[in-house]
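Worksheet: the structure to be examined is printed underneath.
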Amino acid sequence: MNPPRHTAATRTDHETRVTDDHHQSLRLWLRMLACTNLIEAFIRKQLRINFQTTLPRFDLMAQLERHPDGLKMGELSARMMVTGGNVTGITDQLVSEGLVVREDNPNDRRAYSVRLTREGRRVFGEWAGEHEDWVFRLFDGLDEKDKEQLYALLARLKQHVADLPPDSGV
């Protein structure tokens, strides 16, 4: 007899804790969290298998790809929403691999900018192309109308949340 196959529907995740007695908003929140975690785990695994890299390395290079003149370490940290120490560690690795360089910042002598090297742009281009294919594959379960509807609904939710006053104690 074969062991049970674990699918997205049978894996233990945040959503498995809810019951019909829970409020619809809580069930929706946990469904969104479960989907986000599944998608992120898939992408992390693909980056590791296909490129022997991590999502934080991919994210740092993606930030630099959008800013060809480079970014200061503090800007990278803020954009990635991680500590400066994390950015420094990732940058050190990428510098040693020849994918990014640190350069003196002409506008701030206390800081330096980080930018992709030619090889870094080439490597990231390869990664980004595959990443895009993975995202397309992940959302293939929805037809175009469903994707448009989900996108519009999430836009409304995003705007509502953004408009809430910080002290509203929602």
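Going through the structure tokens in order, the chains are called A, B, and so on, while each chain numbers its residues from 1 and the ligands are numbered from 1 in the order shown.
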
List as a PDB file with N, CA and C atoms, in the first residue's frame the protein and nucleic acid residues near stretch 50-66 of chain A, meaning an atom at most 10 Å away when only C-alpha atoms are counted, but skip any in the same chain fewer than 6 places from it.
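Below you can see result-v6.pdb, which holds the result:
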```
ATOM      1  N   GLU A  40       5.848  31.197  -1.854  1.00  0.00           N
ATOM      2  CA  GLU A  40       7.218  31.541  -1.466  1.00  0.00           C
ATOM      3  C   GLU A  40       8.077  30.288  -1.299  1.00  0.00           C
ATOM      4  N   ALA A  41       7.534  29.258  -0.693  1.00  0.00           N
ATOM      5  CA  ALA A  41       8.287  28.015  -0.514  1.00  0.00           C
ATOM      6  C   ALA A  41       8.643  27.401  -1.865  1.00  0.00           C
ATOM      7  N   ILE A  43       9.067  28.999  -4.732  1.00  0.00           N
ATOM      8  CA  ILE A  43      10.105  29.819  -5.369  1.00  0.00           C
ATOM      9  C   ILE A  43      11.448  29.625  -4.674  1.00  0.00           C
ATOM     10  N   ARG A  44      11.461  29.583  -3.352  1.00  0.00           N
ATOM     11  CA  ARG A  44      12.716  29.322  -2.628  1.00  0.00           C
ATOM     12  C   ARG A  44      13.335  27.993  -3.068  1.00  0.00           C
ATOM     13  N   GLU A  75      19.698  51.965   1.700  1.00  0.00           N
ATOM     14  CA  GLU A  75      18.576  51.897   0.770  1.00  0.00           C
ATOM     15  C   GLU A  75      18.199  50.442   0.485  1.00  0.00           C
ATOM     16  N   LEU A  76      19.212  49.610   0.288  1.00  0.00           N
ATOM     17  CA  LEU A  76      18.948  48.187   0.065  1.00  0.00           C
ATOM     18  C   LEU A  76      18.226  47.581   1.261  1.00  0.00           C
ATOM     19  N   SER A  77      18.712  47.891   2.444  1.00  0.00           N
ATOM     20  CA  SER A  77      18.120  47.366   3.666  1.00  0.00           C
ATOM     21  C   SER A  77      16.656  47.780   3.776  1.00  0.00           C
ATOM     22  N   ARG A  79      14.592  48.780   1.334  1.00  0.00           N
ATOM     23  CA  ARG A  79      13.789  48.205   0.252  1.00  0.00           C
ATOM     24  C   ARG A  79      13.508  46.722   0.481  1.00  0.00           C
ATOM     25  N   MET A  80      14.470  46.028   1.072  1.00  0.00           N
ATOM     26  CA  MET A  80      14.305  44.593   1.314  1.00  0.00           C
ATOM     27  C   MET A  80      13.652  44.307   2.654  1.00  0.00           C
ATOM     28  N   VAL A  82      14.996  44.296   5.642  1.00  0.00           N
ATOM     29  CA  VAL A  82      15.857  43.459   6.482  1.00  0.00           C
ATOM     30  C   VAL A  82      16.908  44.356   7.133  1.00  0.00           C
ATOM     31  N   ASN A  86      22.125  41.864   7.559  1.00  0.00           N
ATOM     32  CA  ASN A  86      21.735  40.880   6.553  1.00  0.00           C
ATOM     33  C   ASN A  86      22.189  41.311   5.164  1.00  0.00           C
ATOM     34  N   VAL A  87      21.975  42.588   4.842  1.00  0.00           N
ATOM     35  CA  VAL A  87      22.369  43.099   3.528  1.00  0.00           C
ATOM     36  C   VAL A  87      23.886  43.020   3.367  1.00  0.00           C
ATOM     37  N   GLY A  89      25.982  40.897   4.774  1.00  0.00           N
ATOM     38  CA  GLY A  89      26.378  39.498   4.575  1.00  0.00           C
ATOM     39  C   GLY A  89      26.107  39.030   3.158  1.00  0.00           C
ATOM     40  N   ILE A  90      24.920  39.333   2.642  1.00  0.00           N
ATOM     41  CA  ILE A  90      24.571  38.927   1.274  1.00  0.00           C
ATOM     42  C   ILE A  90      25.481  39.639   0.275  1.00  0.00           C
ATOM     43  N   THR A  91      25.693  40.939   0.494  1.00  0.00           N
ATOM     44  CA  THR A  91      26.550  41.708  -0.413  1.00  0.00           C
ATOM     45  C   THR A  91      27.966  41.154  -0.412  1.00  0.00           C
ATOM     46  N   GLN A  93      28.951  38.122   0.060  1.00  0.00           N
ATOM     47  CA  GLN A  93      28.956  36.895  -0.751  1.00  0.00           C
ATOM     48  C   GLN A  93      28.942  37.223  -2.241  1.00  0.00           C
ATOM     49  N   LEU A  94      28.051  38.129  -2.630  1.00  0.00           N
ATOM     50  CA  LEU A  94      27.907  38.464  -4.047  1.00  0.00           C
ATOM     51  C   LEU A  94      29.144  39.172  -4.589  1.00  0.00           C
ATOM     52  N   LEU A  99      29.507  39.181  -8.651  1.00  0.00           N
ATOM     53  CA  LEU A  99      28.187  39.543  -9.164  1.00  0.00           C
ATOM     54  C   LEU A  99      27.789  40.973  -8.835  1.00  0.00           C
ATOM     55  N   VAL A 100      28.369  41.553  -7.779  1.00  0.00           N
ATOM     56  CA  VAL A 100      28.146  42.955  -7.439  1.00  0.00           C
ATOM     57  C   VAL A 100      29.475  43.586  -7.053  1.00  0.00           C
ATOM     58  N   VAL A 114      26.306  49.982  -4.027  1.00  0.00           N
ATOM     59  CA  VAL A 114      26.448  48.621  -4.513  1.00  0.00           C
ATOM     60  C   VAL A 114      25.717  48.549  -5.841  1.00  0.00           C
ATOM     61  N   ARG A 115      26.342  47.924  -6.829  1.00  0.00           N
ATOM     62  CA  ARG A 115      25.668  47.754  -8.118  1.00  0.00           C
ATOM     63  C   ARG A 115      26.057  46.415  -8.716  1.00  0.00           C
ATOM     64  N   LEU A 116      25.244  45.952  -9.643  1.00  0.00           N
ATOM     65  CA  LEU A 116      25.523  44.708 -10.339  1.00  0.00           C
ATOM     66  C   LEU A 116      26.707  44.877 -11.282  1.00  0.00           C
ATOM     67  N   THR A 117      27.514  43.856 -11.390  1.00  0.00           N
ATOM     68  CA  THR A 117      28.563  43.816 -12.414  1.00  0.00           C
ATOM     69  C   THR A 117      27.922  43.339 -13.713  1.00  0.00           C
ATOM     70  N   GLY A 120      26.917  39.963 -13.059  1.00  0.00           N
ATOM     71  CA  GLY A 120      25.742  39.976 -12.193  1.00  0.00           C
ATOM     72  C   GLY A 120      24.464  40.223 -12.982  1.00  0.00           C
ATOM     73  N   ARG A 121      24.526  41.148 -13.940  1.00  0.00           N
ATOM     74  CA  ARG A 121      23.351  41.418 -14.780  1.00  0.00           C
ATOM     75  C   ARG A 121      23.003  40.190 -15.624  1.00  0.00           C
ATOM     76  N   VAL A 123      23.740  36.950 -14.948  1.00  0.00           N
ATOM     77  CA  VAL A 123      23.237  35.895 -14.059  1.00  0.00           C
ATOM     78  C   VAL A 123      21.822  36.227 -13.602  1.00  0.00           C
ATOM     79  N   PHE A 124      21.605  37.470 -13.166  1.00  0.00           N
ATOM     80  CA  PHE A 124      20.268  37.828 -12.702  1.00  0.00           C
ATOM     81  C   PHE A 124      19.251  37.715 -13.826  1.00  0.00           C
ATOM     82  N   GLY A 125      19.627  38.084 -15.033  1.00  0.00           N
ATOM     83  CA  GLY A 125      18.713  37.943 -16.167  1.00  0.00           C
ATOM     84  C   GLY A 125      18.254  36.507 -16.355  1.00  0.00           C
ATOM     85  N   GLU A 126      19.183  35.571 -16.196  1.00  0.00           N
ATOM     86  CA  GLU A 126      18.839  34.146 -16.290  1.00  0.00           C
ATOM     87  C   GLU A 126      17.883  33.761 -15.163  1.00  0.00           C
ATOM     88  N   TRP A 127      18.207  34.163 -13.947  1.00  0.00           N
ATOM     89  CA  TRP A 127      17.359  33.848 -12.787  1.00  0.00           C
ATOM     90  C   TRP A 127      15.965  34.450 -12.958  1.00  0.00           C
ATOM     91  N   ALA A 128      15.922  35.715 -13.368  1.00  0.00           N
ATOM     92  CA  ALA A 128      14.640  36.426 -13.464  1.00  0.00           C
ATOM     93  C   ALA A 128      13.732  35.796 -14.515  1.00  0.00           C
ATOM     94  N   GLU A 130      13.627  32.615 -15.408  1.00  0.00           N
ATOM     95  CA  GLU A 130      13.083  31.388 -14.813  1.00  0.00           C
ATOM     96  C   GLU A 130      12.036  31.721 -13.744  1.00  0.00           C
ATOM     97  N   HIS A 131      12.346  32.714 -12.910  1.00  0.00           N
ATOM     98  CA  HIS A 131      11.429  33.135 -11.854  1.00  0.00           C
ATOM     99  C   HIS A 131      10.074  33.513 -12.451  1.00  0.00           C
TER     100      HIS A 131
END
```

Q. For A:Leu150, which of A:Met32, A:Ile49, A:Phe42, A:Gly70 is the closest residue, counting only C-alpha atoms?
A.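 Looking only at the distances to A:Leu150, the closest residue turns out to be A:Met32.
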
Q: Based on DSSP run over this structure's backbone, return all residues of stretch 66-161 of chain A in alpha helix (DSSP H), as an MDAnalysis selection string.
A: chainID A and resid 66 73:80 84:96 118:138 144:161

(Q) What's the separation between atom CA of A:Leu157 and atom CA of A:Asp140, in Å to one decimal place? (A)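 Interatomic distance here is 22.9 Å.
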
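With atom CA of A:Lys72 on one side and atom CA of A:Gly84 on the other, the separation reads 10.6 Å.
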
Q: Could you check how far atom CA of A:Gly74 sits from atom CA of A:Val135, in Å to one decimal?
A: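 Value for the atom CA of A:Gly74-atom CA of A:Val135 distance: 28.8 Å.
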
Q.
What parts of stretch 30-135 of chain A does DSSP call strand (DSSP E or B)? I'd like the answer as an MDAnalysis selection string.
A. chainID A and resid 71:72 100:104 112:116

Could you turn the residues from that selection into a file that holds C-alpha atoms, as a compact mmCIF listing (two decimals), in the first residue's frame?
```txt
# COMPACT_ATOMS: atom_id res chain seq x y z
CA LEU A 71 22.04 51.74 -4.18
CA LYS A 72 23.49 52.56 -0.78
CA VAL A 100 28.15 42.96 -7.44
CA VAL A 101 30.69 45.66 -6.66
CA ARG A 102 30.94 48.27 -3.93
CA GLU A 103 31.93 51.74 -5.05
CA ASP A 104 32.56 54.99 -3.23
CA TYR A 112 29.29 53.42 -0.73
CA SER A 113 27.00 52.19 -3.45
CA VAL A 114 26.45 48.62 -4.51
CA ARG A 115 25.67 47.75 -8.12
CA LEU A 116 25.52 44.71 -10.34
```

Q. Which one of A:His160, A:Pro106, A:Thr36, A:Gln24 sits closest to A:Phe139 if you count only C-alpha atoms?
A.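 Closest to A:Phe139, using only C-alpha atoms: A:Thr36.
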